[in-house]
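Asker: File follows, data-v1.txt with compact mmCIF, C-alpha atoms:
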# COMPACT_ATOMS: atom_id res chain seq x y z
CA SER E 1 70.17 -5.13 37.91
CA HIS E 2 72.65 -5.80 35.08
CA CYS E 3 72.18 -7.86 31.94
CA HIS E 4 74.95 -8.69 29.46
CA VAL E 5 72.64 -10.05 26.74
CA LEU E 6 69.59 -8.42 25.19
CA LEU E 7 66.87 -10.95 25.95
CA LEU E 8 63.82 -11.38 23.73
CA TYR E 9 61.31 -9.19 25.60
CA LEU E 10 63.60 -6.48 26.97
CA VAL E 11 62.54 -2.97 25.89
CA ILE E 12 65.41 -0.58 25.14
CA CYS E 13 64.75 2.94 26.44
CA GLY E 14 66.36 4.94 23.69
CA ARG E 15 66.12 5.81 20.03
CA GLY E 16 67.99 4.64 16.96
CA LYS E 17 67.99 1.64 14.64
CA ARG E 18 69.20 -0.89 17.22
CA ALA E 19 66.39 -0.01 19.65
CA TYR E 20 63.77 0.08 16.88
CA ASP E 21 64.79 -3.30 15.38
CA HIS E 22 65.05 -5.15 18.70
CA LYS E 23 62.30 -7.78 19.05
CA GLY E 24 61.36 -6.59 22.52
CA ASN E 25 60.74 -3.08 21.19
CA ALA E 26 58.72 -4.44 18.26
CA ARG E 27 56.48 -6.34 20.70
CA PHE E 28 56.29 -3.20 22.85
CA ARG E 29 55.06 -1.15 19.86
CA LYS E 30 52.30 -3.70 19.26
CA LEU E 31 51.20 -3.31 22.90
CA ILE E 32 51.11 0.47 22.44
CA SER E 33 49.05 0.14 19.23
CA LYS E 34 46.53 -2.17 20.92
CA GLU E 35 46.04 0.26 23.81
CA MET E 36 46.08 3.41 21.64
CA GLU E 37 42.29 3.73 21.31
CA ARG E 38 41.71 3.25 25.06
CA TYR E 39 44.49 5.74 25.88
CA GLU E 40 43.17 8.32 23.40
CA LYS E 41 39.63 8.12 24.82
CA SER E 42 40.82 8.53 28.43
CA VAL E 43 39.77 11.94 29.73
CA SER E 44 41.80 12.07 32.94
CA LYS E 45 45.45 11.62 33.85
CA VAL E 46 44.43 8.95 36.37
CA GLU E 47 42.95 6.78 33.59
CA LYS E 48 46.02 7.28 31.41
CA SER E 49 48.29 6.46 34.34
CA SER E 50 46.38 3.21 34.90
CA ILE E 51 46.89 2.18 31.26
CA VAL E 52 50.62 2.94 31.51
CA SER E 53 50.89 0.84 34.69
CA ASP E 54 49.13 -2.06 32.92
CA ILE E 55 51.64 -1.96 30.06
CA ILE E 56 54.57 -1.99 32.51
CA PHE E 57 53.03 -5.04 34.22
CA ARG E 58 52.57 -6.85 30.90
CA VAL E 59 56.13 -6.16 29.75
CA ARG E 60 57.63 -7.37 33.02
CA GLY E 61 55.27 -10.32 33.23
CA ALA E 62 56.22 -11.72 29.82
CA SER E 63 57.72 -15.17 29.39
CA PRO E 64 60.70 -15.07 29.12
CA PRO E 65 60.75 -12.13 31.54
CA GLY E 66 60.77 -8.64 30.07
CA SER E 67 61.94 -5.33 31.42
CA PHE E 68 62.84 -1.77 30.46
CA VAL E 69 66.60 -1.27 30.08
CA ARG E 70 69.21 1.24 28.98
CA GLU E 71 72.82 0.67 27.96
CA ASP E 72 75.47 1.31 30.59
CA THR E 73 77.55 4.21 29.23
CA ASP E 74 80.57 3.04 31.27
CA GLN E 75 80.33 -0.57 30.04
CA PRO E 76 78.95 -0.74 26.47
CA GLY E 77 77.13 -4.00 25.86
CA THR E 78 75.89 -4.12 29.43
CA TRP E 79 72.26 -3.25 30.03
CA LEU E 80 70.82 -1.70 33.19
CA GLU E 81 67.21 -2.09 34.27
CA VAL E 82 65.47 1.25 34.77
CA GLY E 83 62.80 2.09 37.33
CA ASP E 84 59.11 2.85 36.89
CA ALA E 85 59.57 6.58 36.29
CA VAL E 86 61.76 6.07 33.19
CA ALA E 87 59.53 3.22 31.97
CA ARG E 88 56.45 5.44 32.28
CA GLU E 89 58.19 8.23 30.38
CA LYS E 90 59.08 5.75 27.59
CA ILE E 91 55.46 4.58 27.33
CA GLY E 92 54.04 8.10 27.41
CA GLN E 93 56.41 9.22 24.66
CA SER E 94 55.46 6.18 22.55
CA PHE E 95 51.77 7.09 22.82
CA ARG E 96 52.53 10.71 21.87
CA ASP E 97 54.61 9.60 18.87
CA LEU E 98 51.82 7.32 17.65
CA LEU E 99 49.21 10.06 18.07
CA HIS E 100 51.40 12.50 16.15
CA THR E 101 51.82 9.99 13.30
CA LYS E 102 48.09 9.30 13.23
CA TYR E 103 47.01 12.94 13.04
CA SER E 104 49.83 13.86 10.66
CA SER E 105 48.73 11.11 8.25
CA SER E 106 45.09 12.21 8.56
CA THR E 107 45.98 15.83 7.78
CA LYS E 108 48.03 14.83 4.72
CA ALA E 109 45.17 12.64 3.45
CA LYS E 110 42.71 15.53 3.78
CA LYS E 111 45.07 17.87 1.90
CA ARG E 112 45.47 15.33 -0.92
CA LYS E 113 41.70 14.95 -1.16
CA ARG E 114 41.12 18.72 -1.28
CA SER E 115 43.83 19.09 -3.92
CA ALA E 116 42.25 16.35 -6.06
CA ASN E 117 38.81 17.95 -5.72
CA LEU E 118 40.17 21.33 -6.84
CA LYS E 119 41.86 19.79 -9.87
CA ASN E 120 38.68 17.93 -10.84
CA GLY E 121 36.43 20.92 -10.18
CA THR E 122 34.45 19.01 -7.55
CA ASN E 123 35.35 21.07 -4.52
CA GLN E 124 31.69 21.95 -3.90
CA PRO E 125 29.31 19.09 -2.97
CA GLU E 126 26.96 18.22 -5.80
CA GLN E 127 23.22 18.68 -5.17
CA SER E 128 21.26 15.48 -5.69
CA GLY E 129 19.66 15.36 -9.16
CA VAL E 130 20.99 18.80 -10.17
CA PRO E 131 23.93 19.43 -12.56
CA PRO E 132 26.94 20.93 -10.73
CA ASN E 133 26.94 24.06 -12.91
CA VAL E 134 23.36 25.05 -11.96
CA LYS E 135 22.99 27.46 -9.02
CA ILE E 136 20.08 26.84 -6.65
CA PRO E 137 18.59 29.85 -4.84
CA ILE E 138 18.63 29.68 -1.05
CA THR E 139 15.14 29.71 0.43
CA ASP E 140 13.96 30.79 3.86
CA GLY E 141 13.57 27.13 4.77
CA ASP E 142 17.22 26.48 3.89
CA LYS E 143 18.26 29.41 6.10
CA ARG E 144 16.19 28.09 9.02
CA GLN E 145 17.66 24.61 8.60
CA LYS E 146 21.19 26.02 8.47
CA THR E 147 20.56 28.04 11.63
CA ALA E 148 19.10 25.01 13.41
CA SER E 149 22.17 22.91 12.62
CA LYS E 150 24.48 25.45 14.24
CA PRO E 151 25.64 24.30 17.73
CA SER E 152 24.06 26.17 20.60
CA ASN E 153 25.99 28.26 23.11
CA ASN E 154 25.00 25.76 25.81
CA GLN E 155 26.91 23.00 24.04
CA ASP E 156 29.96 25.25 23.76
CA ASP E 157 29.64 26.19 27.45
CA GLN E 158 29.47 22.51 28.39
CA THR E 159 32.68 21.76 26.52
CA LEU E 160 34.42 24.70 28.18
CA SER E 161 33.16 23.51 31.56
CA GLU E 162 34.57 20.04 30.98
CA ARG E 163 37.89 21.48 29.91
CA SER E 164 38.11 23.83 32.88
CA SER E 165 37.27 20.90 35.18
CA ASN E 166 40.25 18.92 33.84
CA VAL E 167 42.52 21.94 34.10
CA SER E 168 41.41 22.54 37.69
CA GLY E 169 42.32 18.94 38.57
CA ASP E 170 45.78 19.32 37.06
CA GLU E 171 46.31 22.62 38.85
CA GLN E 172 45.33 20.99 42.15
CA HIS E 173 47.89 18.19 41.68
CA SER E 174 50.51 20.72 40.56
CA GLY E 175 49.87 22.92 43.60
CA LYS E 176 50.37 20.03 46.03
CA LEU E 177 53.55 18.93 44.27
CA GLU E 178 54.90 22.49 44.31
CA GLU E 179 54.20 22.71 48.05
CA TRP E 180 55.97 19.37 48.69
CA LEU E 181 58.97 20.34 46.56
CA THR E 182 59.27 23.73 48.26
CA ASN E 183 58.77 22.64 51.88
CA ILE E 184 60.31 19.15 51.91
CA ALA E 185 62.03 17.72 48.85
CA LEU E 186 64.21 20.71 47.95
CA VAL E 187 64.73 22.28 51.39
CA GLY E 188 68.38 23.10 52.10
CA CYS E 189 69.53 23.90 48.54
CA SER E 190 72.47 26.30 48.53
CA SER E 191 70.78 27.91 45.54
CA ALA E 192 67.07 27.67 46.33
CA PRO E 193 64.86 27.11 43.26
CA GLY E 194 62.50 29.97 42.42
CA LYS E 195 58.74 29.64 42.01
CA GLN E 196 58.96 29.23 38.25
CA ARG E 197 61.56 26.47 38.57
CA ILE E 198 59.39 24.66 41.14
CA GLN E 199 56.41 24.88 38.78
CA THR E 200 58.52 23.44 35.95
CA TYR E 201 59.61 20.49 38.10
CA ALA E 202 56.02 19.82 39.19
CA GLN E 203 54.86 19.85 35.56
CA HIS E 204 57.52 17.31 34.57
CA PHE E 205 56.40 14.97 37.36
CA LEU E 206 52.78 15.29 36.18
CA GLU E 207 53.85 14.42 32.62
CA LEU E 208 55.47 11.27 34.02
CA GLY E 209 52.12 10.32 35.60
CA LEU E 210 53.42 11.07 39.11
CA HIS E 211 50.64 13.19 40.63
CA SER E 212 51.67 13.22 44.29
CA ALA E 213 54.61 12.89 46.68
CA GLU E 214 53.36 9.39 47.57
CA MET E 215 53.45 8.27 43.92
CA ILE E 216 56.96 9.68 43.48
CA GLN E 217 58.16 7.86 46.60
CA GLN E 218 56.50 4.60 45.51
CA TRP E 219 57.51 4.48 41.84
CA CYS E 220 60.62 6.64 41.50
CA THR E 221 64.07 5.26 42.33
CA LYS E 222 67.31 7.13 42.91
CA ALA E 223 68.57 5.75 39.59
CA ASP E 224 65.56 7.33 37.87
CA VAL E 225 66.39 10.75 39.31
CA GLN E 226 69.81 10.62 37.67
CA THR E 227 68.04 10.50 34.28
CA PHE E 228 65.99 13.67 34.95
CA TYR E 229 67.74 15.92 32.43
CA TRP E 230 65.33 18.74 33.36
CA MET E 231 66.44 18.96 37.01
CA LYS E 232 69.53 20.95 38.01
CA LYS E 233 72.40 18.80 39.37
CA PHE E 234 72.60 20.64 42.70
CA HIS E 235 68.81 20.27 43.09
CA LYS E 236 69.09 16.54 42.34
CA ARG E 237 71.53 16.07 45.23
CA VAL E 238 69.17 17.65 47.73
CA PHE E 239 66.13 15.92 46.22
CA LEU E 240 67.82 12.52 46.62
CA GLN E 241 68.44 13.26 50.31
CA ASN E 242 65.01 14.61 51.19
CA ALA E 243 62.43 12.93 48.92
CA GLY E 244 62.33 9.53 50.64
CA LEU E 245 62.83 7.50 47.46
CA GLN E 246 63.47 3.82 46.96
CA GLN E 247 67.07 2.67 46.52
Could you rewrite the structure in this file as structure tokens?
Answerer:
Amino acid sequence: SHCHVLLLYLVICGRGKRAYDHKGNARFRKLISKEMERYEKSVSKVEKSSIVSDIIFRVRGASPPGSFVREDTDQPGTWLEVGDAVAREKIGQSFRDLLHTKYSSSTKAKKRKRSANLKNGTNQPEQSGVPPNVKIPITDGDKRQKTASKPSNNQDDQTLSERSSNVSGDEQHSGKLEEWLTNIALVGCSSAPGKQRIQTYAQHFLELGLHSAEMIQQWCTKADVQTFYWMKKFHKRVFLQNAGLQQ
């Protein structure tokens, strides 16, 4: 749909001062901030995808109505509503930007603290009741306590197991998407995509929160595909014919 005026709760999918200053984008950033902790604690892509879907629902369910839009390059000043795939990419990127800012600020704060400690000569923790310039011999008891506080191999193995479990899930989704792209969505290309190209396309769909052919067909529109900068033009044409997308 087209819109000639930027309404209050419309979210501009783009960067720059106009997008940042728009009231709809400011409200959108507040939504992202409120959901940041829940998103950060989510351990699976399914949980993260659910949070993204909730934000899309809340933006579109605002009063007055909200939506995700981009400016029509052929008619400046006219705004086009984008589909779920582009909206999900916008939300995912906003979460990643906020996480980057958070961890960047935390790292800078730690560096400032270490620098201040070095200047003040307090880099080493002070022992309770003992002047900082007095060295205390390490006893056998201290050694045992230090050894006991060291994490066991079992804990490390458990973390590796959890990580490998998540990776296996992603690989399973990726494998099914690769099979669908190879055997259905991109069949008939004059220049058939190689295995590496298929894997790249599957990874991009996963990053958009689209884990299966069914999700792509449900949430992705033909207009969304035109915004996929990472897909070759001649592959897009075949994909639009074969993928069974919404109009």
Asker: Expressed in Å to a single decimal, how great is the separation between CA of Arg114 in chain E and CA of Glu40 in chain E?
Answerer: 26.9 Å
Asker: So which residues are close to (55.6, 18.3, 34.8), meaning at most 12 Å away in the file's coordinates with only C-alpha atoms counted, and can you show them as a ChimeraX atom specification?
Answerer: /E:89,170-171,173-175,177-178,196-212,228,230-231
Asker: Residues within 12 Å of Ala85 in chain E, please, as a PyMOL selection string. Count all atoms listed in the file; anything in the same chain fewer than 2 positions from it doesn't count.
Answerer: chain E and resi 13+49+52-53+56+68+81-83+87-92+204-211+215-228+245-246
Asker: Using Å and a single decimal, report how far CA of Gly24 in chain E sits from CA of Ile12 in chain E.
Answerer: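 Pair CA of Ile12 in chain E / CA of Gly24 in chain E returns 7.7 Å.
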Asker: Taking all atoms listed in the file into account, name the residue in E:Ser94, E:Met36, E:Lys195, E:Leu186 that is nearest to Phe239 in chain E.
Answerer: E:Leu186
Asker: Could you jot down the CA of Asp97 in chain E to CA of Glu71 in chain E separation for me, Å, one decimal place?
Answerer: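 Distance between the two atoms: 22.2 Å.
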Asker: Residues within 12 Å of (59.2, 17.6, 52.7), file coordinates, counting all atoms listed in the file: what are they? Give the list as a ChimeraX atom specification.
Answerer: /E:176-188,213-214,217,238-245
Asker: Quick one: what's the axis-aligned box for range 45-56 of chain E, all listed atoms, 8 Å on every side, centre and edges in Å to one decimal, as JSON?
Answerer:
{"center_x": 48.8, "center_y": 4.8, "center_z": 33.2, "size_x": 27.6, "size_y": 29.7, "size_z": 22.3}
Asker: With distances taken over all atoms listed in the file, which residue among E:Pro193, E:Val86, E:Phe57, E:Arg15 lies nearest Tyr229 in chain E?
Answerer: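 Checking each candidate against Tyr229 in chain E, we get E:Val86 as the closest.
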Asker: Considering all atoms listed in the file, can you say which of E:Phe234, E:Asn25, E:Arg18, E:Ser33 comes closest to Ser67 in chain E?
Answerer: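 Looking only at the distances to Ser67 in chain E, the closest residue turns out to be E:Asn25.
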